[in-house]
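run.cif follows (mmCIF, C-alpha atoms):
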data_my_file
loop_
_atom_site.group_PDB
_atom_site.id
_atom_site.type_symbol
_atom_site.label_atom_id
_atom_site.label_comp_id
_atom_site.auth_asym_id
_atom_site.auth_seq_id
_atom_site.Cartn_x
_atom_site.Cartn_y
_atom_site.Cartn_z
ATOM 1 C CA MET K 25 115.629 82.287 110.556
ATOM 2 C CA ARG K 26 114.922 78.767 109.423
ATOM 3 C CA ALA K 27 112.041 76.291 109.794
ATOM 4 C CA ARG K 28 114.121 74.226 112.233
ATOM 5 C CA LEU K 29 113.950 76.965 114.864
ATOM 6 C CA LEU K 30 110.334 77.996 114.243
ATOM 7 C CA ALA K 31 108.999 74.421 114.322
ATOM 8 C CA ALA K 32 107.222 73.251 117.461
ATOM 9 C CA ASP K 33 105.794 69.890 118.502
ATOM 10 C CA PHE K 34 102.416 69.363 116.925
ATOM 11 C CA PRO K 35 99.769 66.702 117.575
ATOM 12 C CA THR K 36 99.133 64.200 114.775
ATOM 13 C CA VAL K 37 96.232 62.002 113.722
ATOM 14 C CA THR K 38 96.185 58.823 111.626
ATOM 15 C CA LEU K 39 93.893 57.537 108.878
ATOM 16 C CA ASP K 40 92.058 55.540 111.547
ATOM 17 C CA THR K 41 91.329 58.544 113.778
ATOM 18 C CA SER K 42 87.607 59.354 113.736
ATOM 19 C CA VAL K 43 86.605 62.669 112.192
ATOM 20 C CA ALA K 44 84.800 63.498 115.436
ATOM 21 C CA GLU K 45 88.028 62.956 117.396
ATOM 22 C CA ALA K 46 89.979 65.067 114.880
ATOM 23 C CA ALA K 47 87.445 67.881 115.267
ATOM 24 C CA ARG K 48 87.699 67.651 119.056
ATOM 25 C CA LEU K 49 91.509 67.797 118.957
ATOM 26 C CA LEU K 50 91.364 70.879 116.715
ATOM 27 C CA ALA K 51 88.881 72.624 119.008
ATOM 28 C CA GLU K 52 90.379 71.711 122.361
ATOM 29 C CA GLN K 53 93.974 72.503 121.468
ATOM 30 C CA ASP K 54 93.126 75.583 119.396
ATOM 31 C CA LEU K 55 94.997 74.212 116.382
ATOM 32 C CA PRO K 56 95.034 75.856 112.928
ATOM 33 C CA GLY K 57 94.945 72.382 111.327
ATOM 34 C CA LEU K 58 96.004 68.771 111.690
ATOM 35 C CA ILE K 59 98.835 66.579 110.411
ATOM 36 C CA VAL K 60 97.790 63.120 109.236
ATOM 37 C CA VAL K 61 100.690 60.651 109.550
ATOM 38 C CA ASP K 62 101.306 57.118 108.262
ATOM 39 C CA GLU K 63 102.546 54.110 110.270
ATOM 40 C CA GLN K 64 106.091 55.498 110.111
ATOM 41 C CA GLY K 65 104.937 58.839 111.499
ATOM 42 C CA LEU K 66 105.489 60.687 108.217
ATOM 43 C CA PRO K 67 102.935 63.229 106.925
ATOM 44 C CA LEU K 68 100.402 61.761 104.500
ATOM 45 C CA SER K 69 98.385 64.954 104.494
ATOM 46 C CA VAL K 70 98.166 68.298 106.262
ATOM 47 C CA LEU K 71 94.617 69.523 106.784
ATOM 48 C CA SER K 72 93.775 73.145 107.517
ATOM 49 C CA GLY K 73 90.947 73.833 109.965
ATOM 50 C CA THR K 74 88.569 74.553 107.087
ATOM 51 C CA GLN K 75 89.484 71.197 105.479
ATOM 52 C CA VAL K 76 88.647 69.436 108.747
ATOM 53 C CA LEU K 77 85.272 71.217 108.563
ATOM 54 C CA TRP K 78 84.993 70.047 104.958
ATOM 55 C CA LEU K 79 85.250 66.452 106.243
ATOM 56 C CA ALA K 80 82.681 67.167 108.922
ATOM 57 C CA VAL K 81 79.918 68.814 106.853
ATOM 58 C CA PRO K 82 77.532 66.714 104.720
ATOM 59 C CA GLY K 83 78.297 67.198 101.015
ATOM 60 C CA TYR K 84 74.857 68.555 100.096
ATOM 61 C CA CYS K 85 75.235 71.350 102.659
ATOM 62 C CA ARG K 86 78.712 72.341 101.505
ATOM 63 C CA ASP K 87 77.675 72.697 97.904
ATOM 64 C CA ASP K 88 74.253 74.307 98.240
ATOM 65 C CA PRO K 89 73.662 77.088 100.784
ATOM 66 C CA ALA K 90 69.879 76.733 100.279
ATOM 67 C CA LEU K 91 69.984 73.086 101.417
ATOM 68 C CA ALA K 92 72.036 73.946 104.509
ATOM 69 C CA ARG K 93 69.405 76.581 105.345
ATOM 70 C CA VAL K 94 66.462 74.139 105.420
ATOM 71 C CA VAL K 95 68.036 71.949 108.126
ATOM 72 C CA ASP K 96 66.306 73.009 111.358
ATOM 73 C CA GLU K 97 68.306 74.390 114.270
ATOM 74 C CA PRO K 98 68.238 71.291 116.541
ATOM 75 C CA HIS K 99 69.563 69.094 113.719
ATOM 76 C CA ALA K 100 72.081 71.726 112.594
ATOM 77 C CA ASP K 101 73.410 71.925 116.163
ATOM 78 C CA GLN K 102 74.267 68.225 116.053
ATOM 79 C CA PHE K 103 76.085 68.225 112.727
ATOM 80 C CA LEU K 104 79.314 66.843 114.202
ATOM 81 C CA ARG K 105 77.437 63.866 115.719
ATOM 82 C CA SER K 106 76.215 62.731 112.316
ATOM 83 C CA LEU K 107 79.784 61.675 111.563
ATOM 84 C CA ALA K 108 79.597 58.953 114.215
ATOM 85 C CA GLY K 109 82.339 56.461 113.413
ATOM 86 C CA ARG K 110 83.591 58.001 110.157
ATOM 87 C CA THR K 111 87.378 58.015 109.986
ATOM 88 C CA VAL K 112 89.852 60.446 108.488
ATOM 89 C CA ARG K 113 90.625 57.729 105.888
ATOM 90 C CA GLU K 114 87.033 57.782 104.614
ATOM 91 C CA ALA K 115 86.785 61.536 104.619
ATOM 92 C CA LEU K 116 90.171 62.545 103.211
ATOM 93 C CA PRO K 117 89.979 64.379 99.877
ATOM 94 C CA ARG K 118 91.246 62.199 97.028
ATOM 95 C CA GLU K 119 92.793 64.871 94.843
ATOM 96 C CA SER K 120 96.560 65.000 94.797
ATOM 97 C CA ARG K 121 97.902 68.414 95.648
ATOM 98 C CA GLU K 122 101.091 70.014 96.895
ATOM 99 C CA LEU K 123 101.432 69.274 100.593
ATOM 100 C CA PRO K 124 102.620 71.975 103.003
ATOM 101 C CA VAL K 125 105.666 69.955 104.016
ATOM 102 C CA THR K 126 109.226 71.289 104.018
ATOM 103 C CA ASP K 127 112.716 70.661 105.363
ATOM 104 C CA PRO K 128 114.371 72.308 108.399
ATOM 105 C CA ASP K 129 116.445 74.680 106.241
ATOM 106 C CA ALA K 130 113.443 76.465 104.686
ATOM 107 C CA THR K 131 113.611 80.243 105.238
ATOM 108 C CA VAL K 132 110.674 82.309 106.500
ATOM 109 C CA LEU K 133 110.095 83.464 102.914
ATOM 110 C CA GLU K 134 109.860 79.844 101.732
ATOM 111 C CA LEU K 135 107.495 79.016 104.603
ATOM 112 C CA ALA K 136 105.325 82.039 103.798
ATOM 113 C CA ALA K 137 105.242 81.200 100.079
ATOM 114 C CA LEU K 138 104.349 77.567 100.837
ATOM 115 C CA MET K 139 101.521 78.578 103.190
ATOM 116 C CA ALA K 140 100.200 81.089 100.628
ATOM 117 C CA ARG K 141 100.377 78.601 97.747
ATOM 118 C CA THR K 142 98.804 75.653 99.573
ATOM 119 C CA ARG K 143 96.430 77.880 101.610
ATOM 120 C CA SER K 144 97.592 76.047 104.728
ATOM 121 C CA PRO K 145 98.109 77.885 108.052
ATOM 122 C CA LEU K 146 100.390 75.007 109.035
ATOM 123 C CA VAL K 147 103.576 73.528 107.520
ATOM 124 C CA ALA K 148 104.996 70.155 108.590
ATOM 125 C CA VAL K 149 108.801 70.014 108.896
ATOM 126 C CA VAL K 150 110.443 66.715 107.975
ATOM 127 C CA GLU K 151 114.107 65.788 108.353
ATOM 128 C CA GLY K 152 115.728 62.476 107.486
ATOM 129 C CA GLY K 153 112.402 60.691 107.152
ATOM 130 C CA ARG K 154 111.126 61.989 110.489
ATOM 131 C CA LEU K 155 108.498 64.612 111.358
ATOM 132 C CA ILE K 156 110.299 67.056 113.629
ATOM 133 C CA GLY K 157 107.417 69.499 114.177
ATOM 134 C CA ALA K 158 105.294 72.118 112.488
ATOM 135 C CA VAL K 159 105.409 75.851 111.835
ATOM 136 C CA THR K 160 102.093 77.657 112.236
ATOM 137 C CA LEU K 161 101.102 80.822 110.414
ATOM 138 C CA GLN K 162 100.882 82.540 113.798
ATOM 139 C CA ALA K 163 104.448 81.541 114.758
ATOM 140 C CA LEU K 164 105.691 82.696 111.358
ATOM 141 C CA MET K 165 103.840 86.033 111.487
ATOM 142 C CA ASP K 166 104.870 86.688 115.094
ATOM 143 C CA TRP K 167 108.473 86.256 114.067
ATOM 144 C CA ALA K 168 108.227 88.145 110.765
ATOM 145 C CA VAL K 169 106.550 91.285 112.117
ATOM 146 C CA SER K 170 109.258 91.665 114.755
ATOM 147 C CA ALA K 171 112.156 90.910 112.357
ATOM 148 C CA MET J 25 72.607 78.008 118.054
ATOM 149 C CA ARG J 26 72.754 80.881 115.592
ATOM 150 C CA ALA J 27 75.476 83.142 114.212
ATOM 151 C CA ARG J 28 74.104 86.054 116.256
ATOM 152 C CA LEU J 29 75.187 84.403 119.511
ATOM 153 C CA LEU J 30 78.511 83.036 118.267
ATOM 154 C CA ALA J 31 79.614 86.326 116.687
ATOM 155 C CA ALA J 32 82.165 88.422 118.539
ATOM 156 C CA ASP J 33 83.643 91.851 117.860
ATOM 157 C CA PHE J 34 86.374 91.614 115.285
ATOM 158 C CA PRO J 35 88.964 94.178 114.154
ATOM 159 C CA THR J 36 88.613 95.506 110.610
ATOM 160 C CA VAL J 37 90.951 97.035 108.051
ATOM 161 C CA THR J 38 90.196 99.270 105.059
ATOM 162 C CA LEU J 39 91.508 99.394 101.496
ATOM 163 C CA ASP J 40 93.925 102.099 102.629
ATOM 164 C CA THR J 41 95.454 100.022 105.452
ATOM 165 C CA SER J 42 99.038 99.044 104.605
ATOM 166 C CA VAL J 43 99.713 95.331 104.096
ATOM 167 C CA ALA J 44 102.437 95.584 106.760
ATOM 168 C CA GLU J 45 99.895 96.953 109.247
ATOM 169 C CA ALA J 46 97.402 94.209 108.312
ATOM 170 C CA ALA J 47 100.102 91.580 108.913
ATOM 171 C CA ARG J 48 100.957 93.144 112.274
ATOM 172 C CA LEU J 49 97.292 93.167 113.340
ATOM 173 C CA LEU J 50 96.935 89.494 112.392
ATOM 174 C CA ALA J 51 100.079 88.537 114.326
ATOM 175 C CA GLU J 52 99.584 90.631 117.421
ATOM 176 C CA GLN J 53 95.933 89.796 117.961
ATOM 177 C CA ASP J 54 96.310 86.133 116.930
ATOM 178 C CA LEU J 55 93.559 86.479 114.330
ATOM 179 C CA PRO J 56 92.598 83.738 111.844
ATOM 180 C CA GLY J 57 92.029 86.405 109.182
ATOM 181 C CA LEU J 58 90.929 89.974 108.541
ATOM 182 C CA ILE J 59 87.731 91.733 107.470
ATOM 183 C CA VAL J 60 88.209 94.514 104.895
ATOM 184 C CA VAL J 61 85.394 97.077 105.175
ATOM 185 C CA ASP J 62 84.232 99.969 102.957
ATOM 186 C CA GLU J 63 83.482 103.547 104.060
ATOM 187 C CA GLN J 64 80.139 102.402 105.466
ATOM 188 C CA GLY J 65 81.823 99.695 107.525
ATOM 189 C CA LEU J 66 80.418 96.842 105.405
ATOM 190 C CA PRO J 67 82.613 93.864 104.398
ATOM 191 C CA LEU J 68 84.251 94.258 100.985
ATOM 192 C CA SER J 69 86.344 91.163 101.519
ATOM 193 C CA VAL J 70 87.248 88.646 104.184
ATOM 194 C CA LEU J 71 90.867 87.478 104.036
ATOM 195 C CA SER J 72 92.081 84.307 105.712
ATOM 196 C CA GLY J 73 95.536 84.366 107.295
ATOM 197 C CA THR J 74 97.003 82.552 104.288
ATOM 198 C CA GLN J 75 95.471 85.168 101.967
ATOM 199 C CA VAL J 76 97.137 87.921 103.993
ATOM 200 C CA LEU J 77 100.403 86.006 103.465
ATOM 201 C CA TRP J 78 99.541 85.837 99.762
ATOM 202 C CA LEU J 79 99.477 89.659 99.739
ATOM 203 C CA ALA J 80 102.767 89.783 101.617
ATOM 204 C CA VAL J 81 104.877 87.379 99.538
ATOM 205 C CA PRO J 82 106.411 88.464 96.189
ATOM 206 C CA GLY J 83 104.611 86.740 93.297
ATOM 207 C CA TYR J 84 107.705 84.970 91.942
ATOM 208 C CA CYS J 85 108.258 83.267 95.314
ATOM 209 C CA ARG J 86 104.647 82.133 95.649
ATOM 210 C CA ASP J 87 104.599 80.495 92.267
ATOM 211 C CA ASP J 88 108.039 78.883 92.139
ATOM 212 C CA PRO J 89 109.509 77.154 95.200
ATOM 213 C CA ALA J 90 112.952 77.092 93.523
ATOM 214 C CA LEU J 91 112.978 80.908 93.279
ATOM 215 C CA ALA J 92 111.985 81.307 96.934
ATOM 216 C CA ARG J 93 114.883 79.003 97.838
ATOM 217 C CA VAL J 94 117.573 81.148 96.188
ATOM 218 C CA VAL J 95 116.761 84.229 98.287
ATOM 219 C CA ASP J 96 119.401 84.270 101.018
ATOM 220 C CA GLU J 97 118.421 84.129 104.665
ATOM 221 C CA PRO J 98 118.993 87.820 105.595
ATOM 222 C CA HIS J 99 116.771 88.941 102.707
ATOM 223 C CA ALA J 100 114.196 86.212 103.357
ATOM 224 C CA ASP J 101 113.971 87.355 106.996
ATOM 225 C CA GLN J 102 112.924 90.822 105.839
ATOM 226 C CA PHE J 103 110.209 89.768 103.404
ATOM 227 C CA LEU J 104 107.499 91.750 105.204
ATOM 228 C CA ARG J 105 109.583 94.950 104.969
ATOM 229 C CA SER J 106 109.678 94.773 101.187
ATOM 230 C CA LEU J 107 105.992 95.707 101.192
ATOM 231 C CA ALA J 108 106.777 99.153 102.565
ATOM 232 C CA GLY J 109 103.800 101.350 101.743
ATOM 233 C CA ARG J 110 101.736 98.840 99.760
ATOM 234 C CA THR J 111 98.082 98.979 100.723
ATOM 235 C CA VAL J 112 95.413 96.308 100.960
ATOM 236 C CA ARG J 113 93.770 97.999 97.924
ATOM 237 C CA GLU J 114 96.824 97.317 95.759
ATOM 238 C CA ALA J 115 97.262 93.764 97.006
ATOM 239 C CA LEU J 116 93.663 92.536 97.102
ATOM 240 C CA PRO J 117 92.956 89.645 94.719
ATOM 241 C CA ARG J 118 90.786 90.762 91.795
ATOM 242 C CA GLU J 119 88.798 87.597 91.247
ATOM 243 C CA SER J 120 85.205 87.673 92.391
ATOM 244 C CA ARG J 121 84.401 84.810 94.722
ATOM 245 C CA GLU J 122 81.798 83.924 97.310
ATOM 246 C CA LEU J 123 82.524 85.916 100.448
ATOM 247 C CA PRO J 124 82.245 84.300 103.874
ATOM 248 C CA VAL J 125 79.519 86.704 104.972
ATOM 249 C CA THR J 126 76.195 85.659 106.479
ATOM 250 C CA ASP J 127 73.225 86.899 108.491
ATOM 251 C CA PRO J 128 72.636 86.504 112.242
ATOM 252 C CA ASP J 129 70.158 83.641 111.771
ATOM 253 C CA ALA J 130 72.657 81.275 110.121
ATOM 254 C CA THR J 131 72.863 77.944 111.997
ATOM 255 C CA VAL J 132 76.147 76.296 112.983
ATOM 256 C CA LEU J 133 75.719 73.932 110.034
ATOM 257 C CA GLU J 134 75.381 76.876 107.639
ATOM 258 C CA LEU J 135 78.435 78.533 109.200
ATOM 259 C CA ALA J 136 80.456 75.315 108.916
ATOM 260 C CA ALA J 137 79.394 74.780 105.285
ATOM 261 C CA LEU J 138 80.252 78.403 104.422
ATOM 262 C CA MET J 139 83.707 78.126 106.046
ATOM 263 C CA ALA J 140 84.364 74.811 104.261
ATOM 264 C CA ARG J 141 83.197 76.137 100.878
ATOM 265 C CA THR J 142 85.075 79.443 101.014
ATOM 266 C CA ARG J 143 88.065 77.952 102.918
ATOM 267 C CA SER J 144 87.767 80.819 105.377
ATOM 268 C CA PRO J 145 88.339 80.288 109.110
ATOM 269 C CA LEU J 146 86.305 83.461 109.652
ATOM 270 C CA VAL J 147 82.740 84.485 108.724
ATOM 271 C CA ALA J 148 81.519 88.085 108.912
ATOM 272 C CA VAL J 149 77.975 88.533 110.252
ATOM 273 C CA VAL J 150 75.962 91.386 108.761
ATOM 274 C CA GLU J 151 72.518 92.589 109.846
ATOM 275 C CA GLY J 152 70.551 95.479 108.397
ATOM 276 C CA GLY J 153 73.525 96.840 106.489
ATOM 277 C CA ARG J 154 75.773 96.728 109.550
ATOM 278 C CA LEU J 155 78.694 94.430 110.466
ATOM 279 C CA ILE J 156 77.775 93.034 113.863
ATOM 280 C CA GLY J 157 80.820 90.800 114.349
ATOM 281 C CA ALA J 158 82.482 87.630 113.149
ATOM 282 C CA VAL J 159 82.388 83.925 113.920
ATOM 283 C CA THR J 160 85.773 82.192 113.942
ATOM 284 C CA LEU J 161 86.348 78.527 113.139
ATOM 285 C CA GLN J 162 87.642 78.085 116.687
ATOM 286 C CA ALA J 163 84.478 79.565 118.227
ATOM 287 C CA LEU J 164 82.348 77.367 115.987
ATOM 288 C CA MET J 165 84.331 74.185 116.712
ATOM 289 C CA ASP J 166 84.448 74.901 120.440
ATOM 290 C CA TRP J 167 80.680 75.142 120.449
ATOM 291 C CA ALA J 168 80.055 72.198 118.098
ATOM 292 C CA VAL J 169 82.204 69.636 119.916
ATOM 293 C CA SER J 170 80.440 70.359 123.189
ATOM 294 C CA ALA J 171 76.918 70.393 121.643
#

Rewrite the coordinates I just gave you, this time as structure tokens.
Amino acid sequence: MRARLLAADFPTVTLDTSVAEAARLLAEQDLPGLIVVDEQGLPLSVLSGTQVLWLAVPGYCRDDPALARVVDEPHADQFLRSLAGRTVREALPRESRELPVTDPDATVLELAALMARTRSPLVAVVEGGRLIGAVTLQALMDWAVSA
Amino acid sequence: MRARLLAADFPTVTLDTSVAEAARLLAEQDLPGLIVVDEQGLPLSVLSGTQVLWLAVPGYCRDDPALARVVDEPHADQFLRSLAGRTVREALPRESRELPVTDPDATVLELAALMARTRSPLVAVVEGGRLIGAVTLQALMDWAVSA
């Protein structure tokens, strides 16, 4: 089995997508993460669900559990609203890191190793300068346990 | 909204569960991760899906993409089988790290910050020395985008 056959269409966002919209897409389509593409449609970044949350949570609350605790319930409930017009571009982490992107010939072992190494439940599959889809951890596991 | 109301029953594994069985549970029930409990049923660890993959992929393939690539397709397809009788106890990472475990009064902001910080799409909720359930990233996002 190769990535080509496990890959499925996957929604993408751009740097100009709002973080609120990205969060909504993730929630409504039950996605394990999001693929951020450039003007050519190629992956600039692949964000896991927890990285999308990272964009959506104020820094002081991420770093200090005691500070997150003092925010009262009505304000805590609205945490996604506080993002207002913030875009993925503004929120994207700056560190360079290995992206979970591979080619269509990757085996299930390569996909599994890439997901484990990058901690991403989602791998983008690129062929000839074009995003052809994504393999999710669920699709990979479903296939691997029945192999 | 508080963790108590967002928490749902969640399957658990023990240190003696085989890694193959843990992988099967994750795949068949479409889980974002697994909760490892001790004899008293309290969380010892919370593993994201990519951490379960980490347990299931041979170390040399995780660390070196070139080595994963040389494994031929028939062998790659069977990577989960190579685990045979390995248990979660043998495969569990040894490093101590913050666990995604909270109490029933945690707000959605605290849950989101905890998921972002620990990179876990799953938080175990413990009350009075008892695991009362888990909040998934999907349940949290579903609630937060409609708040």

Using all atoms listed in the file for the distances, tell me which of K:Leu39, K:Pro82, K:Gln75, K:Ser106 is nearest to Val61 of chain K. K:Leu39

Please evaluate the PyMOL selection byres ((chain K and resi 50) around 12) against the structure above and give the resulting residues as a PyMOL selection string. (chain K and resi 34-37+43-49+51-59+71-77) or (chain J and resi 161-166+168-169)

Output, as a short mmCIF file (atom, residue, chain, number, x, y, z; two decimals) with C-alpha atoms, in the coordinates of the input, the coordinates of chain K following least-squares superposition onto chain J across all in-order C-alpha pairs.
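Here's the written file superposed29.cif:
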data_model
loop_
_atom_site.label_atom_id
_atom_site.label_comp_id
_atom_site.auth_asym_id
_atom_site.auth_seq_id
_atom_site.Cartn_x
_atom_site.Cartn_y
_atom_site.Cartn_z
CA MET K 25 72.61 78.01 118.03
CA ARG K 26 72.76 80.87 115.59
CA ALA K 27 75.48 83.16 114.20
CA ARG K 28 74.10 86.05 116.26
CA LEU K 29 75.18 84.40 119.51
CA LEU K 30 78.51 83.02 118.26
CA ALA K 31 79.61 86.32 116.68
CA ALA K 32 82.17 88.42 118.54
CA ASP K 33 83.65 91.85 117.87
CA PHE K 34 86.38 91.61 115.29
CA PRO K 35 88.96 94.18 114.16
CA THR K 36 88.61 95.50 110.61
CA VAL K 37 90.95 97.03 108.05
CA THR K 38 90.20 99.27 105.06
CA LEU K 39 91.51 99.38 101.49
CA ASP K 40 93.94 102.08 102.63
CA THR K 41 95.45 100.02 105.45
CA SER K 42 99.04 99.04 104.60
CA VAL K 43 99.72 95.35 104.10
CA ALA K 44 102.44 95.61 106.74
CA GLU K 45 99.91 96.98 109.24
CA ALA K 46 97.42 94.23 108.32
CA ALA K 47 100.10 91.59 108.90
CA ARG K 48 100.96 93.15 112.27
CA LEU K 49 97.31 93.19 113.35
CA LEU K 50 96.95 89.51 112.39
CA ALA K 51 100.09 88.55 114.31
CA GLU K 52 99.60 90.66 117.42
CA GLN K 53 95.95 89.80 117.95
CA ASP K 54 96.31 86.15 116.94
CA LEU K 55 93.57 86.48 114.33
CA PRO K 56 92.61 83.73 111.84
CA GLY K 57 92.03 86.42 109.18
CA LEU K 58 90.93 89.98 108.55
CA ILE K 59 87.74 91.73 107.47
CA VAL K 60 88.20 94.50 104.91
CA VAL K 61 85.39 97.08 105.18
CA ASP K 62 84.23 99.96 102.98
CA GLU K 63 83.48 103.55 104.07
CA GLN K 64 80.12 102.39 105.46
CA GLY K 65 81.81 99.69 107.52
CA LEU K 66 80.42 96.84 105.41
CA PRO K 67 82.62 93.87 104.40
CA LEU K 68 84.24 94.26 100.99
CA SER K 69 86.34 91.16 101.51
CA VAL K 70 87.25 88.64 104.19
CA LEU K 71 90.86 87.48 104.04
CA SER K 72 92.07 84.30 105.71
CA GLY K 73 95.53 84.36 107.30
CA THR K 74 96.99 82.55 104.29
CA GLN K 75 95.46 85.18 101.96
CA VAL K 76 97.13 87.92 104.00
CA LEU K 77 100.39 86.01 103.47
CA TRP K 78 99.53 85.83 99.77
CA LEU K 79 99.47 89.65 99.73
CA ALA K 80 102.75 89.78 101.61
CA VAL K 81 104.87 87.37 99.54
CA PRO K 82 106.40 88.45 96.20
CA GLY K 83 104.61 86.75 93.30
CA TYR K 84 107.70 84.97 91.95
CA CYS K 85 108.24 83.27 95.32
CA ARG K 86 104.64 82.13 95.66
CA ASP K 87 104.59 80.48 92.28
CA ASP K 88 108.04 78.91 92.13
CA PRO K 89 109.50 77.16 95.20
CA ALA K 90 112.95 77.11 93.51
CA LEU K 91 112.98 80.93 93.28
CA ALA K 92 111.98 81.32 96.93
CA ARG K 93 114.88 79.00 97.83
CA VAL K 94 117.58 81.15 96.17
CA VAL K 95 116.75 84.23 98.28
CA ASP K 96 119.41 84.28 101.01
CA GLU K 97 118.43 84.12 104.67
CA PRO K 98 118.99 87.80 105.59
CA HIS K 99 116.78 88.94 102.70
CA ALA K 100 114.19 86.23 103.36
CA ASP K 101 113.98 87.36 106.99
CA GLN K 102 112.93 90.83 105.85
CA PHE K 103 110.22 89.76 103.43
CA LEU K 104 107.49 91.75 105.20
CA ARG K 105 109.57 94.96 104.96
CA SER K 106 109.68 94.77 101.18
CA LEU K 107 105.99 95.68 101.19
CA ALA K 108 106.80 99.15 102.54
CA GLY K 109 103.81 101.35 101.76
CA ARG K 110 101.74 98.84 99.77
CA THR K 111 98.08 98.97 100.73
CA VAL K 112 95.41 96.31 100.98
CA ARG K 113 93.76 97.98 97.94
CA GLU K 114 96.82 97.29 95.77
CA ALA K 115 97.26 93.77 97.02
CA LEU K 116 93.67 92.51 97.11
CA PRO K 117 92.98 89.62 94.73
CA ARG K 118 90.81 90.73 91.81
CA GLU K 119 88.84 87.55 91.25
CA SER K 120 85.24 87.62 92.36
CA ARG K 121 84.39 84.80 94.71
CA GLU K 122 81.80 83.91 97.32
CA LEU K 123 82.52 85.92 100.45
CA PRO K 124 82.24 84.30 103.88
CA VAL K 125 79.52 86.71 104.97
CA THR K 126 76.20 85.66 106.49
CA ASP K 127 73.23 86.91 108.49
CA PRO K 128 72.63 86.52 112.25
CA ASP K 129 70.15 83.66 111.77
CA ALA K 130 72.65 81.28 110.13
CA THR K 131 72.86 77.95 111.99
CA VAL K 132 76.14 76.30 112.98
CA LEU K 133 75.71 73.93 110.02
CA GLU K 134 75.39 76.89 107.63
CA LEU K 135 78.44 78.54 109.20
CA ALA K 136 80.44 75.32 108.91
CA ALA K 137 79.38 74.79 105.28
CA LEU K 138 80.26 78.41 104.42
CA MET K 139 83.70 78.13 106.04
CA ALA K 140 84.35 74.81 104.25
CA ARG K 141 83.20 76.14 100.87
CA THR K 142 85.08 79.45 101.00
CA ARG K 143 88.06 77.95 102.89
CA SER K 144 87.77 80.82 105.37
CA PRO K 145 88.35 80.30 109.12
CA LEU K 146 86.31 83.46 109.66
CA VAL K 147 82.74 84.48 108.73
CA ALA K 148 81.52 88.09 108.91
CA VAL K 149 77.97 88.53 110.26
CA VAL K 150 75.95 91.39 108.76
CA GLU K 151 72.52 92.59 109.85
CA GLY K 152 70.53 95.47 108.40
CA GLY K 153 73.51 96.84 106.50
CA ARG K 154 75.78 96.72 109.55
CA LEU K 155 78.69 94.43 110.47
CA ILE K 156 77.77 93.04 113.87
CA GLY K 157 80.81 90.79 114.37
CA ALA K 158 82.48 87.63 113.16
CA VAL K 159 82.39 83.92 113.92
CA THR K 160 85.77 82.19 113.93
CA LEU K 161 86.35 78.54 113.13
CA GLN K 162 87.65 78.10 116.67
CA ALA K 163 84.47 79.57 118.23
CA LEU K 164 82.35 77.37 115.97
CA MET K 165 84.33 74.19 116.71
CA ASP K 166 84.45 74.90 120.45
CA TRP K 167 80.68 75.14 120.44
CA ALA K 168 80.05 72.20 118.10
CA VAL K 169 82.22 69.65 119.91
CA SER K 170 80.43 70.36 123.18
CA ALA K 171 76.92 70.39 121.63
#

Using only C-alpha atoms, collect all residues at a distance of at most 12 Å from (112.0, 79.8, 110.9) as written in the file, then present them as a PyMOL selection string. (chain K and resi 25-32+126-136+147+149+157-168+171) or (chain J and resi 97-98+100-101)

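Minimum atom-to-atom distance to chain J, evaluated using only C-alpha atoms, belongs to K:Leu79 out of K:Leu79, K:Val70, K:Leu123, K:Ile156.
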
Given the file above and the PyMOL selection byres ((chain K and resi 65) around 9), which residues are selected, and can you give them as a list in words? Thr36, Thr38, Val60, Val61, Asp62, Glu63, Gln64, Leu66, Pro67, Leu68, Gly153, Arg154 and Leu155 of chain K

Could you save the residues just selected, with C-alpha atoms, as a PDB file, in the frame of the given file?
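Wrote result39.pdb, looks like this:
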ATOM      1  CA  THR K  36      99.133  64.200 114.775  1.00  0.00           C
ATOM      2  CA  THR K  38      96.185  58.823 111.626  1.00  0.00           C
ATOM      3  CA  VAL K  60      97.790  63.120 109.236  1.00  0.00           C
ATOM      4  CA  VAL K  61     100.690  60.651 109.550  1.00  0.00           C
ATOM      5  CA  ASP K  62     101.306  57.118 108.262  1.00  0.00           C
ATOM      6  CA  GLU K  63     102.546  54.110 110.270  1.00  0.00           C
ATOM      7  CA  GLN K  64     106.091  55.498 110.111  1.00  0.00           C
ATOM      8  CA  LEU K  66     105.489  60.687 108.217  1.00  0.00           C
ATOM      9  CA  PRO K  67     102.935  63.229 106.925  1.00  0.00           C
ATOM     10  CA  LEU K  68     100.402  61.761 104.500  1.00  0.00           C
ATOM     11  CA  GLY K 153     112.402  60.691 107.152  1.00  0.00           C
ATOM     12  CA  ARG K 154     111.126  61.989 110.489  1.00  0.00           C
ATOM     13  CA  LEU K 155     108.498  64.612 111.358  1.00  0.00           C
TER      14      LEU K 155
END

Specify the axis-aligned box that encloses all atoms of segment 65-79 of chain J listed in the file after padding of 4 Å on each side, stating its centre and edge lengths in Å to one decimal as JSON.
{"center_x": 90.4, "center_y": 91.1, "center_z": 103.6, "size_x": 28.0, "size_y": 25.1, "size_z": 15.8}

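Evaluated against this file, the PyMOL selection byres ((chain J and resi 83-91) around 7) yields Ala137, Leu138, Ala140 and Arg141 of chain K; Val81, Pro82, Ala92, Arg93 and Val94 of chain J.
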
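Take atom CA of Leu116 of chain J and atom CA of Ser69 of chain J: the distance between them is 8.7 Å.
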
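The space separating atom CA of Leu104 of chain K from atom CA of Met139 of chain J comes to 14.6 Å.
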
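The space between atom CA of Ala115 of chain J and atom CA of Ala148 of chain J spans 20.5 Å.
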
Smallest atom-to-atom distance to chain K: which of J:Pro145, J:Gly109, J:Pro124, J:Pro117, using only C-alpha atoms? J:Pro145

When you count only C-alpha atoms, which of these residues is closest to chain K: J:Glu151, J:Asp40, J:Asp33, J:Glu122? J:Glu122
